[in-house]
Amino acid sequence: MTEFSFLNAFSGGIVIGFAVILMFLCNGRITGISGIVGGMLTKQKEQSSWQLIFILSLLVGGALYPWVWGQDLAVEVSSPWYVYVIAGLLVGYGTRMGSGCTSGHGICGLARFSPRSMVATVTFIVVAAITHTIIKLLAG
Amino acid sequence: MTEHSKSIDFKNLLIIIASGILFGLGLGISEMVNPARVLGFLNVLGPWDPTLLLVMAGALTVAIPGFQYARLMHKPFLAVSFNTPTKKDLDKKLISGAILFGMGWGLAGICPGPAFVALNSLESNVAIFVVAMLAGVLVHDKLLPGS
């Protein structure tokens with residue numbers, strides 16, 4: 001897992017960038033996944049349909065990846081199951097409380113030069129690095 | 001901004017589908033769908049994996065000109081207005097939320113976008129994460145809407 005492909009990382013980022021500006025320049029919407037999930041779960045049916053369609057399309061993109069890129073989707077989730085329960089609750093609650101996640105703050109917000117998003121992005125990256133490091137040290 | 005969200009025009013629908021598929025493909029290509037990659041980036045005491053930084057750089061290379069160009073437009077191509085966040089202040093909720101999210105992200109290496117894309121792997125831990133994440137969203141939005 002330590003080798004990395006500069007080209008894959010950068011070109012994947014470019015594809016994500018195009019996804020985000022396509023949505024904003026055409027539909028006028030911010031592609032923030034946590035905000036979209038919030039709308040999908042809490043808004044009236046006729047107002048939340050676009051959010052559901054977007055999330056399903058995201059899943060389809062992942063399903064198409066092996067055909068488009070000729071590689072299997074590698075997903076390594078080796079921690080005990082309860083770690084994913086705690087982490088999922090924190091991510092769901094925290095992103096709604098903080099009005100955004102890696103996509104809404106980290107990509108759209110930074111691209112809009114939003115001070116709120118810059119502060120949020122630095123905060124969650126630093127806290128995540130500290131959390132991961134503490135867990136790693138505790139696990140020895 | 002509800003006037004253009006009540007019903008979806010066919011062209012808007014195509015944009016939503018195209019954007020979602022591109023986003024999912026991008027997360028696959030960049031390998032951000034793999035939590036091990038993300039944890040490698042958060043592993044600051046080494047060995048460090050710079051992938052996430054390069055993905056952000058790639059995305060911003062396209063997104064910055066795109067969002068700055070939007071400032072010159074009166075309205076989006078297929079909607080009546082831009083739907084951008086209006087909050088400007090750095091309040092406690094923003095910081096506390098980012099801290100809670102950071103803790104969860106650091107524990108599992110999964111954030112909301114990759115969580116859905118990673119469901120394609122049929123790994124049970126990903127499904128557990130997604131269910132817990134949806135529960136976390138509901139607790140915030142429905143049970144404690146004031147927080």
# chains A, B, ... in the order shown; residues from 1 in each chain; ligands from 1
>>> interface_residues(of="chain A", to="chain B", cutoff="6 Å", atoms="only C-alpha atoms", output="mmCIF file with N, CA and C atoms, in the first residue's frame")
data_model
loop_
_atom_site.group_PDB
_atom_site.id
_atom_site.type_symbol
_atom_site.label_atom_id
_atom_site.label_comp_id
_atom_site.auth_asym_id
_atom_site.auth_seq_id
_atom_site.Cartn_x
_atom_site.Cartn_y
_atom_site.Cartn_z
ATOM 1 N N ASN A 8 -2.483 8.367 -11.483
ATOM 2 C CA ASN A 8 -3.830 7.950 -11.086
ATOM 3 C C ASN A 8 -4.454 8.932 -10.109
ATOM 4 N N ALA A 9 -3.666 9.340 -9.112
ATOM 5 C CA ALA A 9 -4.194 10.239 -8.087
ATOM 6 C C ALA A 9 -4.600 11.567 -8.702
ATOM 7 N N PHE A 10 -3.711 12.134 -9.520
ATOM 8 C CA PHE A 10 -3.988 13.439 -10.097
ATOM 9 C C PHE A 10 -5.130 13.373 -11.111
ATOM 10 N N GLY A 12 -7.551 11.130 -11.267
ATOM 11 C CA GLY A 12 -8.803 10.884 -10.537
ATOM 12 C C GLY A 12 -9.338 12.184 -9.952
ATOM 13 N N GLY A 13 -8.414 12.993 -9.431
ATOM 14 C CA GLY A 13 -8.798 14.297 -8.892
ATOM 15 C C GLY A 13 -9.407 15.189 -9.959
ATOM 16 N N ILE A 14 -8.808 15.176 -11.142
ATOM 17 C CA ILE A 14 -9.329 16.001 -12.239
ATOM 18 C C ILE A 14 -10.753 15.573 -12.608
ATOM 19 N N VAL A 15 -10.996 14.255 -12.633
ATOM 20 C CA VAL A 15 -12.347 13.751 -12.948
ATOM 21 C C VAL A 15 -13.345 14.244 -11.883
ATOM 22 N N ILE A 16 -12.926 14.193 -10.611
ATOM 23 C CA ILE A 16 -13.787 14.687 -9.527
ATOM 24 C C ILE A 16 -14.043 16.191 -9.703
ATOM 25 N N GLY A 17 -12.993 16.926 -10.081
ATOM 26 C CA GLY A 17 -13.141 18.363 -10.319
ATOM 27 C C GLY A 17 -14.175 18.651 -11.402
ATOM 28 N N ALA A 19 -16.680 16.671 -12.258
ATOM 29 C CA ALA A 19 -17.996 16.306 -11.718
ATOM 30 C C ALA A 19 -18.586 17.480 -10.942
ATOM 31 N N ILE A 21 -17.726 20.849 -11.058
ATOM 32 C CA ILE A 21 -18.073 22.088 -11.773
ATOM 33 C C ILE A 21 -19.213 21.866 -12.772
ATOM 34 N N LEU A 25 -21.911 24.676 -12.505
ATOM 35 C CA LEU A 25 -22.136 25.590 -13.627
ATOM 36 C C LEU A 25 -23.476 25.315 -14.313
ATOM 37 N N CYS A 26 -23.937 24.065 -14.305
ATOM 38 C CA CYS A 26 -25.212 23.747 -14.965
ATOM 39 C C CYS A 26 -26.394 23.843 -14.014
ATOM 40 N N ASN A 27 -26.319 23.148 -12.873
ATOM 41 C CA ASN A 27 -27.463 23.103 -11.967
ATOM 42 C C ASN A 27 -27.366 24.096 -10.803
ATOM 43 N N GLY A 28 -26.211 24.728 -10.649
ATOM 44 C CA GLY A 28 -26.049 25.709 -9.576
ATOM 45 C C GLY A 28 -25.965 25.100 -8.190
ATOM 46 N N ARG A 29 -25.602 23.814 -8.129
ATOM 47 C CA ARG A 29 -25.558 23.113 -6.843
ATOM 48 C C ARG A 29 -24.125 22.779 -6.420
ATOM 49 N N ILE A 33 -21.216 15.806 -0.524
ATOM 50 C CA ILE A 33 -21.909 14.520 -0.348
ATOM 51 C C ILE A 33 -22.717 14.495 0.953
ATOM 52 N N GLU A 46 -40.597 15.044 -3.053
ATOM 53 C CA GLU A 46 -40.436 15.710 -4.354
ATOM 54 C C GLU A 46 -39.206 16.624 -4.381
ATOM 55 N N GLN A 47 -38.710 17.001 -3.160
ATOM 56 C CA GLN A 47 -37.535 17.867 -3.110
ATOM 57 C C GLN A 47 -36.245 17.068 -2.955
ATOM 58 N N PHE A 54 -28.499 11.336 -7.324
ATOM 59 C CA PHE A 54 -27.052 11.583 -7.319
ATOM 60 C C PHE A 54 -26.308 10.466 -6.596
ATOM 61 N N SER A 57 -26.174 7.419 -8.634
ATOM 62 C CA SER A 57 -25.229 7.592 -9.745
ATOM 63 C C SER A 57 -23.786 7.429 -9.273
ATOM 64 N N LEU A 58 -23.533 7.887 -8.045
ATOM 65 C CA LEU A 58 -22.207 7.730 -7.428
ATOM 66 C C LEU A 58 -21.865 6.236 -7.323
ATOM 67 N N LEU A 59 -22.860 5.454 -6.887
ATOM 68 C CA LEU A 59 -22.693 4.001 -6.784
ATOM 69 C C LEU A 59 -22.452 3.376 -8.160
ATOM 70 N N GLY A 61 -21.131 4.873 -10.732
ATOM 71 C CA GLY A 61 -19.765 5.241 -11.119
ATOM 72 C C GLY A 61 -18.753 4.245 -10.575
ATOM 73 N N GLY A 62 -18.939 3.849 -9.314
ATOM 74 C CA GLY A 62 -18.052 2.857 -8.698
ATOM 75 C C GLY A 62 -18.174 1.501 -9.361
ATOM 76 N N TYR A 65 -16.360 1.514 -12.716
ATOM 77 C CA TYR A 65 -14.907 1.716 -12.647
ATOM 78 C C TYR A 65 -14.077 0.539 -13.177
ATOM 79 N N ALA A 74 -10.320 -1.743 -5.263
ATOM 80 C CA ALA A 74 -9.687 -2.230 -4.031
ATOM 81 C C ALA A 74 -10.233 -1.463 -2.828
ATOM 82 N N VAL A 75 -10.794 -2.192 -1.872
ATOM 83 C CA VAL A 75 -11.317 -1.574 -0.651
ATOM 84 C C VAL A 75 -10.834 -2.404 0.538
ATOM 85 N N GLU A 76 -9.882 -1.862 1.302
ATOM 86 C CA GLU A 76 -9.339 -2.601 2.449
ATOM 87 C C GLU A 76 -9.921 -2.052 3.748
ATOM 88 N N TRP A 81 -15.455 -4.661 13.295
ATOM 89 C CA TRP A 81 -16.695 -4.061 12.802
ATOM 90 C C TRP A 81 -17.167 -2.872 13.633
ATOM 91 N N TYR A 84 -16.219 0.632 12.668
ATOM 92 C CA TYR A 84 -16.979 1.251 11.580
ATOM 93 C C TYR A 84 -18.320 1.800 12.060
ATOM 94 N N VAL A 85 -18.848 1.221 13.140
ATOM 95 C CA VAL A 85 -20.078 1.758 13.738
ATOM 96 C C VAL A 85 -19.780 3.133 14.345
ATOM 97 N N ALA A 87 -17.132 5.096 13.861
ATOM 98 C CA ALA A 87 -16.648 6.033 12.844
ATOM 99 C C ALA A 87 -17.806 6.558 11.991
ATOM 100 N N GLY A 88 -18.713 5.680 11.590
ATOM 101 C CA GLY A 88 -19.844 6.084 10.761
ATOM 102 C C GLY A 88 -20.729 7.094 11.475
ATOM 103 N N LEU A 89 -21.020 6.840 12.760
ATOM 104 C CA LEU A 89 -21.842 7.768 13.551
ATOM 105 C C LEU A 89 -21.166 9.136 13.634
ATOM 106 N N LEU A 90 -19.852 9.143 13.920
ATOM 107 C CA LEU A 90 -19.104 10.406 14.034
ATOM 108 C C LEU A 90 -19.090 11.152 12.694
ATOM 109 N N VAL A 91 -18.874 10.420 11.601
ATOM 110 C CA VAL A 91 -18.815 11.057 10.284
ATOM 111 C C VAL A 91 -20.186 11.621 9.894
ATOM 112 N N GLY A 92 -21.248 10.849 10.117
ATOM 113 C CA GLY A 92 -22.589 11.323 9.768
ATOM 114 C C GLY A 92 -22.979 12.545 10.579
ATOM 115 N N TYR A 93 -22.820 12.451 11.896
ATOM 116 C CA TYR A 93 -23.210 13.550 12.781
ATOM 117 C C TYR A 93 -22.304 14.769 12.576
ATOM 118 N N GLY A 94 -20.988 14.532 12.549
ATOM 119 C CA GLY A 94 -20.023 15.622 12.454
ATOM 120 C C GLY A 94 -20.130 16.408 11.155
ATOM 121 N N THR A 95 -20.316 15.704 10.036
ATOM 122 C CA THR A 95 -20.379 16.421 8.753
ATOM 123 C C THR A 95 -21.637 17.283 8.671
ATOM 124 N N MET A 97 -23.205 18.604 11.364
ATOM 125 C CA MET A 97 -23.003 19.697 12.317
ATOM 126 C C MET A 97 -22.052 20.744 11.730
ATOM 127 N N GLY A 98 -21.015 20.287 11.052
ATOM 128 C CA GLY A 98 -20.012 21.185 10.489
ATOM 129 C C GLY A 98 -20.328 21.628 9.070
ATOM 130 N N ALA A 111 -12.357 25.704 -3.498
ATOM 131 C CA ALA A 111 -12.368 26.270 -4.850
ATOM 132 C C ALA A 111 -13.122 27.604 -4.889
ATOM 133 N N ARG A 112 -14.060 27.794 -3.938
ATOM 134 C CA ARG A 112 -14.796 29.071 -3.865
ATOM 135 C C ARG A 112 -14.041 30.076 -3.002
ATOM 136 N N ARG A 116 -14.699 29.719 5.790
ATOM 137 C CA ARG A 116 -15.278 28.666 6.627
ATOM 138 C C ARG A 116 -14.761 27.291 6.192
ATOM 139 N N ALA A 120 -12.543 24.573 8.250
ATOM 140 C CA ALA A 120 -13.088 23.228 8.456
ATOM 141 C C ALA A 120 -12.146 22.169 7.893
ATOM 142 N N PHE A 124 -10.491 19.208 10.085
ATOM 143 C CA PHE A 124 -10.760 17.762 10.031
ATOM 144 C C PHE A 124 -9.550 16.948 9.571
ATOM 145 N N VAL A 127 -7.284 16.777 12.822
ATOM 146 C CA VAL A 127 -7.893 15.888 13.825
ATOM 147 C C VAL A 127 -7.829 14.433 13.353
ATOM 148 N N ALA A 128 -8.057 14.193 12.067
ATOM 149 C CA ALA A 128 -8.010 12.822 11.542
ATOM 150 C C ALA A 128 -6.601 12.247 11.658
ATOM 151 N N ALA A 129 -5.592 13.056 11.339
ATOM 152 C CA ALA A 129 -4.200 12.584 11.431
ATOM 153 C C ALA A 129 -3.840 12.274 12.886
ATOM 154 N N THR A 131 -5.993 11.502 15.343
ATOM 155 C CA THR A 131 -6.778 10.321 15.738
ATOM 156 C C THR A 131 -6.111 9.045 15.243
ATOM 157 N N HIS A 132 -5.742 9.034 13.955
ATOM 158 C CA HIS A 132 -5.127 7.835 13.383
ATOM 159 C C HIS A 132 -3.813 7.506 14.093
#
>>> residues_around(residues="Met40 of chain A", least_positions_apart="5", cutoff="6 Å", atoms="only C-alpha atoms", output="NGL selection string")
:A and (48 or 51-52)
>>> atom_distance(atom1="atom CA of Gln71 of chain A", atom2="atom CA of Phe18 of chain A")
21.7 Å
>>> select_by_dssp(residues="segment 2-114 of chain A", states="alpha helix (DSSP H)", output="ChimeraX atom specification")
/A:6-22,33-42,45-69,81-97,110-111
>>> write_last_selection(atoms="C-alpha atoms", output="tab-separated table (two decimals), in the first residue's frame")
chain	number	residue	atom	x	y	z
A	6	PHE	CA	1.06	10.16	-9.24
A	7	LEU	CA	-0.88	9.92	-12.49
A	8	ASN	CA	-3.83	7.95	-11.09
A	9	ALA	CA	-4.19	10.24	-8.09
A	10	PHE	CA	-3.99	13.44	-10.10
A	11	SER	CA	-6.21	12.27	-12.97
A	12	GLY	CA	-8.80	10.88	-10.54
A	13	GLY	CA	-8.80	14.30	-8.89
A	14	ILE	CA	-9.33	16.00	-12.24
A	15	VAL	CA	-12.35	13.75	-12.95
A	16	ILE	CA	-13.79	14.69	-9.53
A	17	GLY	CA	-13.14	18.36	-10.32
A	18	PHE	CA	-15.12	18.05	-13.56
A	19	ALA	CA	-18.00	16.31	-11.72
A	20	VAL	CA	-18.15	19.20	-9.27
A	21	ILE	CA	-18.07	22.09	-11.77
A	22	LEU	CA	-20.51	20.31	-14.12
A	33	ILE	CA	-21.91	14.52	-0.35
A	34	SER	CA	-22.89	14.95	3.32
A	35	GLY	CA	-25.27	17.81	2.44
A	36	ILE	CA	-26.77	15.72	-0.36
A	37	VAL	CA	-27.26	12.78	2.06
A	38	GLY	CA	-28.89	15.13	4.58
A	39	GLY	CA	-31.30	16.39	1.94
A	40	MET	CA	-32.00	12.83	0.79
A	41	LEU	CA	-32.97	11.68	4.29
A	42	THR	CA	-34.83	14.69	5.64
A	45	LYS	CA	-40.00	13.36	-1.38
A	46	GLU	CA	-40.44	15.71	-4.35
A	47	GLN	CA	-37.53	17.87	-3.11
A	48	SER	CA	-35.15	15.05	-2.24
A	49	SER	CA	-35.35	13.01	-5.44
A	50	TRP	CA	-32.31	14.66	-7.03
A	51	GLN	CA	-30.20	13.82	-4.00
A	52	LEU	CA	-31.22	10.15	-4.15
A	53	ILE	CA	-30.49	10.05	-7.89
A	54	PHE	CA	-27.05	11.58	-7.32
A	55	ILE	CA	-26.13	9.03	-4.62
A	56	LEU	CA	-27.30	6.16	-6.86
A	57	SER	CA	-25.23	7.59	-9.74
A	58	LEU	CA	-22.21	7.73	-7.43
A	59	LEU	CA	-22.69	4.00	-6.78
A	60	VAL	CA	-23.04	3.35	-10.52
A	61	GLY	CA	-19.77	5.24	-11.12
A	62	GLY	CA	-18.05	2.86	-8.70
A	63	ALA	CA	-19.65	-0.14	-10.41
A	64	LEU	CA	-18.48	1.09	-13.85
A	65	TYR	CA	-14.91	1.72	-12.65
A	66	PRO	CA	-13.57	-1.83	-13.29
A	67	TRP	CA	-14.79	-1.65	-16.92
A	68	VAL	CA	-13.58	1.89	-17.56
A	69	TRP	CA	-10.21	1.56	-15.82
A	81	TRP	CA	-16.69	-4.06	12.80
A	82	TYR	CA	-17.47	-1.85	15.81
A	83	VAL	CA	-14.81	0.65	14.67
A	84	TYR	CA	-16.98	1.25	11.58
A	85	VAL	CA	-20.08	1.76	13.74
A	86	ILE	CA	-18.38	4.46	15.85
A	87	ALA	CA	-16.65	6.03	12.84
A	88	GLY	CA	-19.84	6.08	10.76
A	89	LEU	CA	-21.84	7.77	13.55
A	90	LEU	CA	-19.10	10.41	14.03
A	91	VAL	CA	-18.81	11.06	10.28
A	92	GLY	CA	-22.59	11.32	9.77
A	93	TYR	CA	-23.21	13.55	12.78
A	94	GLY	CA	-20.02	15.62	12.45
A	95	THR	CA	-20.38	16.42	8.75
A	96	ARG	CA	-23.97	17.64	9.27
A	97	MET	CA	-23.00	19.70	12.32
A	110	LEU	CA	-11.70	25.63	-1.14
A	111	ALA	CA	-12.37	26.27	-4.85
>>> atom_distance(atom1="atom CA of Ile30 of chain A", atom2="atom CA of Gln44 of chain A")
19.4 Å
